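Each remark here refers to the structure printed beneath this line.
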Amino acid sequence: MEKIFVYPGSFDPVTNGHLDIIDRATAICDKLIVAVLVNSSKNPVFSLEERVQLLRTVLKGRNNIEIEMFEGLLVDFVRLKKSNVIVKGLRVVSDFEFELQMASLNKSLDKDIETIFMMTSVKHSFLSSSAVRELARNKGKIDELVPSCIVDEIYSKFESRLK
Ligand code: PNS
C-alpha cells in the first residue's frame, strides 16, 4: 500500500524550516501532500494563491510531493487523500503543548490517523513564518531563513503593502 503523508500548515510564507521537514518526510514516505490551510484564523499576509505559488517555486523539481489546499477539518482531508499520517515539525518545547493538544484532538476525531513529529533541525529551531514576515516588513535580512528563489517575492509583498 502506498504510504501517503500529509504535512499541513499555513505556510505564510514557506521557510527553510518547513523545507527541512518536507525533505525529511519525503524520504520516509511514497508521497507527501503539502496541505495549505485555506481559511487560517491567523489572517495570513500572503493570499492563498501566493502561499501556494511560493511553495510551487520552492518545491519545483522535487519528486513525490503534491501541493494541495484544504479547508475544514484536517482529519477529513487526510482521509479524503487516502492517507493516515499527519506530519508535524516540533521546534522548541513551547510547541509541544499545542501540538499535543492538536494531535490528541485529531486522534479523538479519527483513531486511525497518526500524527508523527519530526524535530526541526537545530539551525532552524528559532525560525518561524512570523519571524520572516516581521524581518521582511522591516527590511531585515531573510536570505538564510527562506530559499533564495523566493526572497525577492517576499520583500516585494511588503513593499507593495506599504504603497
Ligand atoms: O502552520 P500552522 O498555522 O501552525 O498550521 C495549523 C494547521 C493548519 C495544522 C491547523 O490549524 C489545522 O489543522 N487546521 C485545520 C482545522 C482542524 O482540523 N483543526 C484541528 C481539530 S479542531
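All residue names refer to the C-alpha cells as shown: chains lettered A, B, ... in order, residues numbered from 1 in each chain, ligands numbered from 1 in order.
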
Please find the residues contacting ligand 1 at a distance of at most 10 Å between atoms, with only C-alpha atoms and all ligand atoms counted, and report them as a compact mmCIF listing (two decimals) with all heavy atoms, in the first residue's frame.
```txt
# COMPACT_ATOMS: atom_id res chain seq x y z
N TYR A 7 1.40 16.92 5.23
CA TYR A 7 2.10 17.94 6.02
C TYR A 7 1.29 19.23 5.93
O TYR A 7 1.34 19.92 4.93
CB TYR A 7 3.52 18.12 5.46
CG TYR A 7 4.35 19.17 6.17
CD1 TYR A 7 4.38 19.26 7.57
CD2 TYR A 7 5.13 20.06 5.46
CE1 TYR A 7 5.15 20.21 8.21
CE2 TYR A 7 5.92 21.02 6.10
CZ TYR A 7 5.92 21.08 7.47
OH TYR A 7 6.68 22.03 8.12
N PRO A 8 0.50 19.52 6.97
CA PRO A 8 -0.40 20.68 6.91
C PRO A 8 0.23 21.96 7.47
O PRO A 8 1.12 21.89 8.33
CB PRO A 8 -1.55 20.24 7.81
CG PRO A 8 -0.88 19.44 8.87
CD PRO A 8 0.34 18.79 8.26
N GLY A 9 -0.25 23.08 7.03
CA GLY A 9 0.22 24.33 7.60
C GLY A 9 -0.37 25.53 6.90
O GLY A 9 -1.09 25.40 5.91
N SER A 10 -0.04 26.71 7.44
CA SER A 10 -0.48 27.95 6.81
C SER A 10 0.52 28.39 5.74
O SER A 10 0.16 29.06 4.78
CB SER A 10 -0.60 29.08 7.85
OG SER A 10 -1.44 28.69 8.90
N PHE A 11 1.80 28.11 5.98
CA PHE A 11 2.87 28.43 5.02
C PHE A 11 2.80 29.90 4.60
O PHE A 11 2.68 30.21 3.42
CB PHE A 11 2.84 27.48 3.81
CG PHE A 11 2.93 26.04 4.18
CD1 PHE A 11 1.81 25.22 4.21
CD2 PHE A 11 4.15 25.49 4.58
CE1 PHE A 11 1.88 23.89 4.59
CE2 PHE A 11 4.24 24.14 4.96
CZ PHE A 11 3.11 23.35 4.96
N ASP A 12 2.88 30.78 5.59
CA ASP A 12 2.65 32.22 5.36
C ASP A 12 3.89 33.05 5.70
O ASP A 12 3.82 33.87 6.62
CB ASP A 12 1.44 32.65 6.21
CG ASP A 12 1.06 34.09 5.97
OD1 ASP A 12 1.16 34.54 4.83
OD2 ASP A 12 0.65 34.78 6.93
N PRO A 13 5.01 32.89 5.01
CA PRO A 13 5.30 32.04 3.85
C PRO A 13 6.07 30.78 4.27
O PRO A 13 6.45 30.64 5.43
CB PRO A 13 6.22 32.94 3.02
CG PRO A 13 7.04 33.64 4.09
CD PRO A 13 6.12 33.85 5.25
N VAL A 14 6.31 29.91 3.28
CA VAL A 14 7.14 28.72 3.49
C VAL A 14 8.55 29.18 3.88
O VAL A 14 9.05 30.19 3.39
CB VAL A 14 7.18 27.83 2.22
CG1 VAL A 14 7.69 28.58 1.01
CG2 VAL A 14 7.99 26.56 2.44
N HIS A 18 10.30 24.68 7.17
CA HIS A 18 9.30 23.82 6.52
C HIS A 18 9.98 22.88 5.52
O HIS A 18 9.67 21.69 5.44
CB HIS A 18 8.27 24.66 5.73
CG HIS A 18 7.40 25.54 6.57
ND1 HIS A 18 7.23 26.87 6.34
CD2 HIS A 18 6.62 25.25 7.65
CE1 HIS A 18 6.39 27.39 7.22
NE2 HIS A 18 6.01 26.43 8.04
N ALA A 35 -0.25 20.36 2.56
CA ALA A 35 -1.65 20.82 2.59
C ALA A 35 -1.73 22.24 3.16
O ALA A 35 -1.41 22.47 4.33
CB ALA A 35 -2.48 19.85 3.43
N VAL A 36 -2.13 23.16 2.31
CA VAL A 36 -2.16 24.58 2.70
C VAL A 36 -3.56 24.93 3.20
O VAL A 36 -4.55 24.77 2.48
CB VAL A 36 -1.79 25.47 1.49
CG1 VAL A 36 -1.68 26.92 1.93
CG2 VAL A 36 -0.50 24.99 0.84
N LEU A 37 -3.61 25.42 4.43
CA LEU A 37 -4.91 25.77 5.02
C LEU A 37 -5.52 26.98 4.32
O LEU A 37 -4.88 28.03 4.20
CB LEU A 37 -4.71 26.06 6.52
CG LEU A 37 -5.97 26.36 7.31
CD1 LEU A 37 -6.91 25.16 7.35
CD2 LEU A 37 -5.60 26.78 8.73
N VAL A 38 -6.76 26.84 3.88
CA VAL A 38 -7.42 27.92 3.13
C VAL A 38 -7.77 29.09 4.04
O VAL A 38 -7.31 30.20 3.85
CB VAL A 38 -8.69 27.39 2.41
CG1 VAL A 38 -9.47 28.54 1.80
CG2 VAL A 38 -8.33 26.37 1.35
N ASN A 39 -8.56 28.82 5.07
CA ASN A 39 -9.03 29.92 5.92
C ASN A 39 -8.35 29.90 7.27
O ASN A 39 -8.92 29.47 8.25
CB ASN A 39 -10.55 29.81 6.13
CG ASN A 39 -11.29 30.19 4.87
OD1 ASN A 39 -10.91 31.13 4.19
ND2 ASN A 39 -12.32 29.44 4.55
N SER A 40 -7.12 30.39 7.29
CA SER A 40 -6.42 30.39 8.57
C SER A 40 -6.98 31.49 9.46
O SER A 40 -7.17 32.62 9.03
CB SER A 40 -4.93 30.62 8.33
OG SER A 40 -4.28 30.74 9.56
N SER A 41 -7.23 31.12 10.71
CA SER A 41 -7.73 32.13 11.67
C SER A 41 -6.64 33.16 11.96
O SER A 41 -6.87 34.19 12.57
CB SER A 41 -8.17 31.44 12.96
OG SER A 41 -7.11 30.68 13.46
N LYS A 42 -5.42 32.82 11.49
CA LYS A 42 -4.29 33.73 11.74
C LYS A 42 -4.30 34.91 10.77
O LYS A 42 -3.40 35.74 10.81
CB LYS A 42 -2.98 32.96 11.61
CG LYS A 42 -2.75 31.97 12.75
CD LYS A 42 -1.43 31.25 12.54
CE LYS A 42 -1.24 30.13 13.52
NZ LYS A 42 -0.12 29.26 13.14
N ASN A 43 -5.29 34.96 9.87
CA ASN A 43 -5.39 36.07 8.93
C ASN A 43 -4.08 36.28 8.16
O ASN A 43 -3.34 37.23 8.40
CB ASN A 43 -5.77 37.34 9.72
CG ASN A 43 -6.37 38.38 8.81
OD1 ASN A 43 -6.60 38.12 7.63
ND2 ASN A 43 -6.59 39.56 9.34
N PRO A 44 -3.77 35.39 7.24
CA PRO A 44 -2.46 35.40 6.58
C PRO A 44 -2.16 36.68 5.80
O PRO A 44 -3.06 37.32 5.28
CB PRO A 44 -2.54 34.21 5.61
CG PRO A 44 -3.88 33.64 5.75
CD PRO A 44 -4.66 34.36 6.77
N PHE A 70 -6.63 22.95 1.57
CA PHE A 70 -7.73 22.30 2.27
C PHE A 70 -8.44 23.28 3.18
O PHE A 70 -7.87 24.26 3.62
CB PHE A 70 -7.26 21.06 3.05
CG PHE A 70 -6.64 21.37 4.39
CD1 PHE A 70 -7.35 21.17 5.58
CD2 PHE A 70 -5.34 21.84 4.49
CE1 PHE A 70 -6.79 21.45 6.82
CE2 PHE A 70 -4.77 22.12 5.72
CZ PHE A 70 -5.49 21.91 6.89
N GLU A 71 -9.73 23.01 3.39
CA GLU A 71 -10.46 23.77 4.41
C GLU A 71 -11.27 22.79 5.23
O GLU A 71 -11.47 21.65 4.83
CB GLU A 71 -11.32 24.88 3.80
CG GLU A 71 -12.24 24.49 2.70
CD GLU A 71 -12.85 25.73 2.03
OE1 GLU A 71 -12.93 26.79 2.67
OE2 GLU A 71 -13.26 25.60 0.88
N GLY A 72 -11.74 23.22 6.36
CA GLY A 72 -12.46 22.30 7.23
C GLY A 72 -11.48 21.55 8.09
O GLY A 72 -10.37 22.01 8.35
N LEU A 73 -11.89 20.36 8.49
CA LEU A 73 -11.06 19.59 9.42
C LEU A 73 -9.93 18.86 8.69
O LEU A 73 -10.14 18.27 7.63
CB LEU A 73 -11.91 18.57 10.16
CG LEU A 73 -12.90 19.13 11.18
CD1 LEU A 73 -13.67 17.99 11.84
CD2 LEU A 73 -12.18 19.97 12.23
N LEU A 74 -8.78 18.89 9.31
CA LEU A 74 -7.61 18.24 8.73
C LEU A 74 -7.83 16.73 8.58
O LEU A 74 -7.48 16.14 7.56
CB LEU A 74 -6.39 18.52 9.62
CG LEU A 74 -5.09 17.85 9.24
CD1 LEU A 74 -4.63 18.27 7.85
CD2 LEU A 74 -4.01 18.18 10.27
N VAL A 75 -8.44 16.11 9.59
CA VAL A 75 -8.64 14.65 9.52
C VAL A 75 -9.52 14.26 8.31
O VAL A 75 -9.29 13.22 7.70
CB VAL A 75 -9.22 14.04 10.82
CG1 VAL A 75 -8.19 14.04 11.93
CG2 VAL A 75 -10.49 14.73 11.24
N ASP A 76 -10.48 15.11 7.98
CA ASP A 76 -11.34 14.81 6.82
C ASP A 76 -10.52 14.85 5.54
O ASP A 76 -10.67 14.02 4.65
CB ASP A 76 -12.50 15.82 6.73
CG ASP A 76 -13.50 15.65 7.87
OD1 ASP A 76 -13.54 14.54 8.43
OD2 ASP A 76 -14.20 16.61 8.19
N PHE A 77 -9.63 15.85 5.46
CA PHE A 77 -8.78 15.97 4.28
C PHE A 77 -7.82 14.77 4.19
O PHE A 77 -7.63 14.19 3.12
CB PHE A 77 -7.98 17.28 4.35
CG PHE A 77 -7.02 17.46 3.23
CD1 PHE A 77 -7.45 17.86 1.97
CD2 PHE A 77 -5.66 17.21 3.41
CE1 PHE A 77 -6.55 18.02 0.92
CE2 PHE A 77 -4.77 17.36 2.37
CZ PHE A 77 -5.21 17.76 1.12
N VAL A 78 -7.26 14.39 5.32
CA VAL A 78 -6.31 13.27 5.35
C VAL A 78 -6.99 11.99 4.85
O VAL A 78 -6.46 11.26 4.02
CB VAL A 78 -5.73 13.09 6.78
CG1 VAL A 78 -4.90 11.82 6.89
CG2 VAL A 78 -4.88 14.29 7.15
N ILE A 86 -0.29 12.28 9.61
CA ILE A 86 -0.07 13.73 9.60
C ILE A 86 1.36 13.96 10.07
O ILE A 86 1.77 13.39 11.09
CB ILE A 86 -1.04 14.44 10.57
CG1 ILE A 86 -2.50 14.23 10.13
CG2 ILE A 86 -0.71 15.92 10.68
CD1 ILE A 86 -3.52 14.60 11.22
N VAL A 87 2.11 14.77 9.35
CA VAL A 87 3.48 15.09 9.77
C VAL A 87 3.51 16.50 10.32
O VAL A 87 2.96 17.42 9.72
CB VAL A 87 4.47 15.04 8.57
CG1 VAL A 87 5.90 15.28 9.06
CG2 VAL A 87 4.37 13.75 7.83
N LYS A 88 4.18 16.67 11.45
CA LYS A 88 4.35 18.00 12.04
C LYS A 88 5.81 18.17 12.43
O LYS A 88 6.47 17.20 12.80
CB LYS A 88 3.49 18.14 13.31
CG LYS A 88 2.00 18.23 13.07
CD LYS A 88 1.67 19.51 12.36
CE LYS A 88 0.23 19.90 12.42
NZ LYS A 88 -0.18 20.50 13.68
N GLY A 89 6.26 19.41 12.43
CA GLY A 89 7.60 19.71 12.91
C GLY A 89 7.50 20.27 14.32
O GLY A 89 6.56 21.00 14.64
N ASP A 95 6.31 24.53 21.61
CA ASP A 95 5.45 24.00 20.54
C ASP A 95 4.67 22.78 21.03
O ASP A 95 3.59 22.46 20.55
CB ASP A 95 6.28 23.51 19.33
CG ASP A 95 6.75 24.65 18.44
OD1 ASP A 95 6.22 25.77 18.59
OD2 ASP A 95 7.63 24.41 17.61
N PHE A 98 0.81 22.76 22.47
CA PHE A 98 -0.21 22.99 21.44
C PHE A 98 -0.31 21.79 20.50
O PHE A 98 -1.40 21.33 20.16
CB PHE A 98 0.14 24.26 20.67
CG PHE A 98 -0.79 24.53 19.53
CD1 PHE A 98 -2.09 24.97 19.78
CD2 PHE A 98 -0.40 24.34 18.21
CE1 PHE A 98 -2.98 25.22 18.72
CE2 PHE A 98 -1.27 24.58 17.16
CZ PHE A 98 -2.55 25.02 17.41
N GLU A 99 0.84 21.27 20.12
CA GLU A 99 0.85 20.15 19.17
C GLU A 99 0.27 18.88 19.79
O GLU A 99 -0.40 18.09 19.12
CB GLU A 99 2.27 19.89 18.65
CG GLU A 99 2.80 21.00 17.74
CD GLU A 99 1.98 21.20 16.45
OE1 GLU A 99 1.18 20.32 16.09
OE2 GLU A 99 2.15 22.26 15.83
N GLN A 101 -2.04 18.84 22.05
CA GLN A 101 -3.49 19.08 22.07
C GLN A 101 -4.09 18.78 20.69
O GLN A 101 -5.11 18.10 20.59
CB GLN A 101 -3.68 20.55 22.41
CG GLN A 101 -5.00 20.88 23.02
CD GLN A 101 -5.10 22.39 23.29
OE1 GLN A 101 -4.11 23.11 23.24
NE2 GLN A 101 -6.29 22.83 23.55
N MET A 102 -3.44 19.29 19.64
CA MET A 102 -3.93 19.07 18.27
C MET A 102 -3.92 17.58 17.91
O MET A 102 -4.88 17.05 17.36
CB MET A 102 -3.02 19.80 17.26
CG MET A 102 -3.32 21.24 17.10
SD MET A 102 -4.93 21.47 16.34
CE MET A 102 -5.65 22.60 17.46
N ALA A 103 -2.80 16.93 18.23
CA ALA A 103 -2.66 15.51 17.89
C ALA A 103 -3.72 14.69 18.63
O ALA A 103 -4.34 13.77 18.07
CB ALA A 103 -1.26 15.01 18.23
N SER A 104 -3.97 15.04 19.90
CA SER A 104 -4.95 14.29 20.69
C SER A 104 -6.36 14.53 20.16
O SER A 104 -7.17 13.61 20.06
CB SER A 104 -4.89 14.70 22.17
OG SER A 104 -3.57 14.61 22.62
N LEU A 105 -6.62 15.78 19.79
CA LEU A 105 -7.93 16.12 19.23
C LEU A 105 -8.17 15.36 17.92
O LEU A 105 -9.23 14.76 17.71
CB LEU A 105 -7.96 17.61 18.93
CG LEU A 105 -8.94 18.45 19.73
CD1 LEU A 105 -8.59 19.90 19.60
CD2 LEU A 105 -10.36 18.19 19.31
N ASN A 106 -7.15 15.39 17.08
CA ASN A 106 -7.27 14.70 15.79
C ASN A 106 -7.44 13.19 16.00
O ASN A 106 -8.18 12.54 15.29
CB ASN A 106 -6.08 15.01 14.89
CG ASN A 106 -6.17 16.42 14.32
OD1 ASN A 106 -7.26 16.96 14.13
ND2 ASN A 106 -5.03 17.04 14.06
N LYS A 107 -6.76 12.67 17.01
CA LYS A 107 -6.86 11.23 17.32
C LYS A 107 -8.29 10.91 17.78
O LYS A 107 -8.84 9.86 17.45
CB LYS A 107 -5.85 10.89 18.42
CG LYS A 107 -5.63 9.42 18.61
CD LYS A 107 -4.74 8.91 17.50
CE LYS A 107 -4.59 7.42 17.55
NZ LYS A 107 -4.06 6.88 16.30
N SER A 108 -8.86 11.85 18.56
CA SER A 108 -10.23 11.59 19.04
C SER A 108 -11.24 11.66 17.89
O SER A 108 -12.29 11.04 17.94
CB SER A 108 -10.60 12.57 20.16
OG SER A 108 -10.86 13.83 19.61
N LEU A 109 -10.88 12.42 16.86
CA LEU A 109 -11.78 12.53 15.70
C LEU A 109 -11.64 11.32 14.78
O LEU A 109 -12.59 10.93 14.11
CB LEU A 109 -11.47 13.81 14.90
CG LEU A 109 -11.78 15.13 15.61
CD1 LEU A 109 -11.24 16.30 14.81
CD2 LEU A 109 -13.28 15.28 15.82
N SER A 128 10.49 30.96 12.22
CA SER A 128 9.05 30.83 12.04
C SER A 128 8.62 31.74 10.90
O SER A 128 9.33 32.70 10.56
CB SER A 128 8.32 31.24 13.32
OG SER A 128 8.56 32.61 13.57
N SER A 129 7.46 31.46 10.33
CA SER A 129 6.94 32.33 9.27
C SER A 129 6.72 33.74 9.81
O SER A 129 6.95 34.73 9.11
CB SER A 129 5.61 31.78 8.74
OG SER A 129 5.81 30.55 8.10
```

- Task: Step one, run DSSP on the backbone; step two, keep only residues of region 84-119 of chain A assigned to strand (DSSP E or B); then write them as a list in words.
- Result: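 Of region 84-119 of chain A, the ones in strand (DSSP E or B) are Val85, Ile86, Val87, Lys88, Gly89, Leu90, Glu114, Thr115, Ile116, Phe117, Met118 and Met119 of chain A.
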
Once you have the residues from the selection above, write them out as a compact mmCIF listing (two decimals), in the first residue's frame, restricted to C-alpha atoms.
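Here's the written file result.txt:
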```
# COMPACT_ATOMS: atom_id res chain seq x y z
CA VAL A 85 -0.38 10.05 8.71
CA ILE A 86 -0.07 13.73 9.60
CA VAL A 87 3.48 15.09 9.77
CA LYS A 88 4.35 18.00 12.04
CA GLY A 89 7.60 19.71 12.91
CA LEU A 90 8.50 20.45 16.52
CA GLU A 114 -1.47 9.07 13.41
CA THR A 115 0.40 12.32 13.92
CA ILE A 116 4.15 11.93 13.70
CA PHE A 117 6.58 14.60 14.80
CA MET A 118 9.96 15.47 13.42
CA MET A 119 12.32 17.57 15.47
```

- Between CA of Glu159 (chain A) and CA of Gly140 (chain A) - distance in Å to one decimal: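 Interatomic distance, CA of Gly140 (chain A) to CA of Glu159 (chain A): 12.8 Å.
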
- Step one, run DSSP on the backbone; step two, keep only residues of chain A assigned to helix (DSSP H, G or I); then write them as a ChimeraX atom specification. /A:16-26,48-59,74-80,93-109,122-124,129-137,148-162

- Task: Find, counting only C-alpha atoms, the residue in A:Thr26, A:Ser121, A:Ser148, A:Thr57 that gets nearest to Arg91 (chain A).
- Result: A:Ser121

- Message: At a cut-off of 12 Å, using only C-alpha atoms, what residues contact Ala27 (chain A)? Leave out same-chain residues fewer than 2 positions from it and give the result as a list in words.
- Response: Lys3, Ile4, Phe5, Asp20, Ile21, Ile22, Asp23, Arg24, Ala25, Cys29, Asp30, Lys31, Leu32, Arg62, Asn63, Asn64 and Ile65 of chain A

Selected residues written out, all heavy atoms, as a CSV table (one decimal), in the first residue's frame:
```
chain,number,residue,atom,x,y,z
A,3,LYS,N,2.4,4.6,0.9
A,3,LYS,CA,2.5,5.4,2.1
A,3,LYS,C,2.4,6.9,1.8
A,3,LYS,O,3.3,7.5,1.2
A,3,LYS,CB,3.8,5.1,2.8
A,3,LYS,CG,3.7,4.6,4.2
A,3,LYS,CD,5.1,4.5,4.9
A,3,LYS,CE,6.1,3.6,4.2
A,3,LYS,NZ,7.5,3.8,4.7
A,4,ILE,N,1.2,7.4,2.2
A,4,ILE,CA,1.0,8.9,1.9
A,4,ILE,C,0.9,9.7,3.2
A,4,ILE,O,0.2,9.3,4.1
A,4,ILE,CB,-0.4,9.1,1.1
A,4,ILE,CG1,-0.4,8.2,-0.2
A,4,ILE,CG2,-0.6,10.5,0.8
A,4,ILE,CD1,-1.7,8.2,-0.9
A,5,PHE,N,1.8,10.7,3.3
A,5,PHE,CA,1.8,11.5,4.5
A,5,PHE,C,1.2,12.9,4.1
A,5,PHE,O,1.4,13.3,2.9
A,5,PHE,CB,3.2,11.7,5.0
A,5,PHE,CG,3.9,10.5,5.6
A,5,PHE,CD1,3.3,9.3,5.6
A,5,PHE,CD2,5.1,10.7,6.2
A,5,PHE,CE1,3.9,8.2,6.2
A,5,PHE,CE2,5.8,9.6,6.8
A,5,PHE,CZ,5.2,8.3,6.8
A,20,ASP,N,13.0,21.8,5.4
A,20,ASP,CA,13.7,20.7,6.1
A,20,ASP,C,12.8,19.5,6.5
A,20,ASP,O,13.1,18.4,6.2
A,20,ASP,CB,14.3,21.4,7.4
A,20,ASP,CG,14.9,20.4,8.4
A,20,ASP,OD1,15.7,19.5,7.9
A,20,ASP,OD2,14.7,20.5,9.6
A,21,ILE,N,11.6,19.9,7.0
A,21,ILE,CA,10.6,18.8,7.4
A,21,ILE,C,10.1,18.1,6.1
A,21,ILE,O,10.0,16.9,6.0
A,21,ILE,CB,9.4,19.4,8.2
A,21,ILE,CG1,9.9,20.1,9.5
A,21,ILE,CG2,8.4,18.3,8.5
A,21,ILE,CD1,10.5,19.2,10.5
A,22,ILE,N,9.8,18.9,5.1
A,22,ILE,CA,9.3,18.4,3.8
A,22,ILE,C,10.3,17.3,3.2
A,22,ILE,O,10.0,16.2,2.9
A,22,ILE,CB,9.0,19.5,2.8
A,22,ILE,CG1,7.8,20.3,3.2
A,22,ILE,CG2,8.9,18.9,1.3
A,22,ILE,CD1,7.5,21.5,2.4
A,23,ASP,N,11.6,17.7,3.2
A,23,ASP,CA,12.6,16.8,2.6
A,23,ASP,C,12.8,15.5,3.5
A,23,ASP,O,12.9,14.4,2.9
A,23,ASP,CB,14.0,17.5,2.5
A,23,ASP,CG,14.0,18.5,1.3
A,23,ASP,OD1,13.2,18.3,0.4
A,23,ASP,OD2,14.8,19.4,1.4
A,24,ARG,N,12.7,15.7,4.8
A,24,ARG,CA,12.9,14.5,5.6
A,24,ARG,C,11.7,13.6,5.6
A,24,ARG,O,11.8,12.4,5.7
A,24,ARG,CB,13.3,15.0,7.1
A,24,ARG,CG,14.8,15.5,7.1
A,24,ARG,CD,15.0,16.3,8.3
A,24,ARG,NE,14.7,15.7,9.5
A,24,ARG,CZ,14.4,16.3,10.6
A,24,ARG,NH1,14.4,17.7,10.7
A,24,ARG,NH2,14.1,15.7,11.7
A,25,ALA,N,10.5,14.2,5.5
A,25,ALA,CA,9.3,13.4,5.5
A,25,ALA,C,9.2,12.7,4.1
A,25,ALA,O,8.8,11.5,4.1
A,25,ALA,CB,8.1,14.3,5.7
A,29,CYS,N,8.3,8.4,3.1
A,29,CYS,CA,7.0,8.0,2.6
A,29,CYS,C,7.1,7.9,1.0
A,29,CYS,O,8.1,8.2,0.4
A,29,CYS,CB,5.9,9.0,3.0
A,29,CYS,SG,6.1,10.7,2.3
A,30,ASP,N,6.0,7.4,0.4
A,30,ASP,CA,5.9,7.3,-1.0
A,30,ASP,C,5.5,8.6,-1.6
A,30,ASP,O,5.9,9.0,-2.7
A,30,ASP,CB,5.0,6.2,-1.4
A,30,ASP,CG,5.4,4.9,-0.9
A,30,ASP,OD1,6.6,4.6,-1.0
A,30,ASP,OD2,4.6,4.2,-0.3
A,31,LYS,N,4.6,9.3,-0.9
A,31,LYS,CA,4.1,10.6,-1.4
A,31,LYS,C,3.8,11.5,-0.3
A,31,LYS,O,3.2,11.1,0.7
A,31,LYS,CB,2.8,10.4,-2.3
A,31,LYS,CG,2.2,11.7,-2.8
A,31,LYS,CD,1.2,11.4,-3.9
A,31,LYS,CE,-0.2,11.2,-3.3
A,31,LYS,NZ,-1.2,11.0,-4.3
A,32,LEU,N,4.2,12.8,-0.4
A,32,LEU,CA,3.9,13.8,0.7
A,32,LEU,C,3.0,14.8,0.1
A,32,LEU,O,3.3,15.4,-1.0
A,32,LEU,CB,5.2,14.4,1.1
A,32,LEU,CG,5.0,15.5,2.2
A,32,LEU,CD1,4.7,14.8,3.6
A,32,LEU,CD2,6.2,16.4,2.4
A,62,ARG,N,11.3,18.7,-7.1
A,62,ARG,CA,11.3,17.6,-6.1
A,62,ARG,C,10.2,16.6,-6.5
A,62,ARG,O,9.1,17.0,-6.9
A,62,ARG,CB,11.0,18.2,-4.7
A,62,ARG,CG,12.2,18.8,-4.0
A,62,ARG,CD,11.8,19.4,-2.7
A,62,ARG,NE,12.9,19.8,-1.9
A,62,ARG,CZ,13.6,20.9,-2.0
A,62,ARG,NH1,13.4,21.7,-3.0
A,62,ARG,NH2,14.6,21.2,-1.2
A,63,ASN,N,10.5,15.4,-6.3
A,63,ASN,CA,9.6,14.3,-6.7
A,63,ASN,C,8.7,13.9,-5.5
A,63,ASN,O,9.0,14.1,-4.4
A,63,ASN,CB,10.3,13.1,-7.2
A,63,ASN,CG,11.1,13.4,-8.5
A,63,ASN,OD1,10.6,14.2,-9.3
A,63,ASN,ND2,12.3,12.9,-8.6
A,64,ASN,N,7.6,13.3,-5.9
A,64,ASN,CA,6.7,12.6,-4.9
A,64,ASN,C,6.1,13.6,-3.9
A,64,ASN,O,5.8,13.3,-2.7
A,64,ASN,CB,7.4,11.5,-4.1
A,64,ASN,CG,8.1,10.5,-5.0
A,64,ASN,OD1,7.6,10.3,-6.1
A,64,ASN,ND2,9.2,10.0,-4.6
A,65,ILE,N,5.9,14.9,-4.3
A,65,ILE,CA,5.3,15.9,-3.5
A,65,ILE,C,4.2,16.5,-4.2
A,65,ILE,O,4.3,16.9,-5.4
A,65,ILE,CB,6.3,17.0,-3.1
A,65,ILE,CG1,7.5,16.4,-2.3
A,65,ILE,CG2,5.6,18.1,-2.2
A,65,ILE,CD1,8.6,17.4,-2.0
```

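Minimum atom-to-atom distances from A:Lys60, A:Arg51, A:Lys111, A:Arg133 to Cys149 (chain A) were compared using only C-alpha atoms, and the lowest value belongs to A:Lys60.
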
- Message: Rounded to one decimal, what separation in Å do you get between CA of Ile113 (chain A) and CA of Ser83 (chain A)?
- Response: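 Calculated distance between CA of Ile113 (chain A) and CA of Ser83 (chain A) is 7.9 Å.
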
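The residue that comes closest to Lys157 (chain A), out of A:Val45, A:Val92, A:Leu127, A:Ile67 and on the basis of only C-alpha atoms, is A:Val45.
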
- Return the single residue from A:Val6, A:Leu48, A:Asn138, A:Phe158 that is closest to Lys81 (chain A), with distances computed using only C-alpha atoms.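 The answer is A:Val6, which sits nearest to Lys81 (chain A).
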
- Item | Minimum-distance residue to Val132 (chain A), chosen among A:Gly17, A:Met69, A:Asn84, A:Phe96 (using only C-alpha atoms) | A:Gly17

- Find the distance between CA of Glu97 (chain A) and CA of Glu68 (chain A) and write it in Å to one decimal.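 Here the two named atoms are 27.0 Å from each other.
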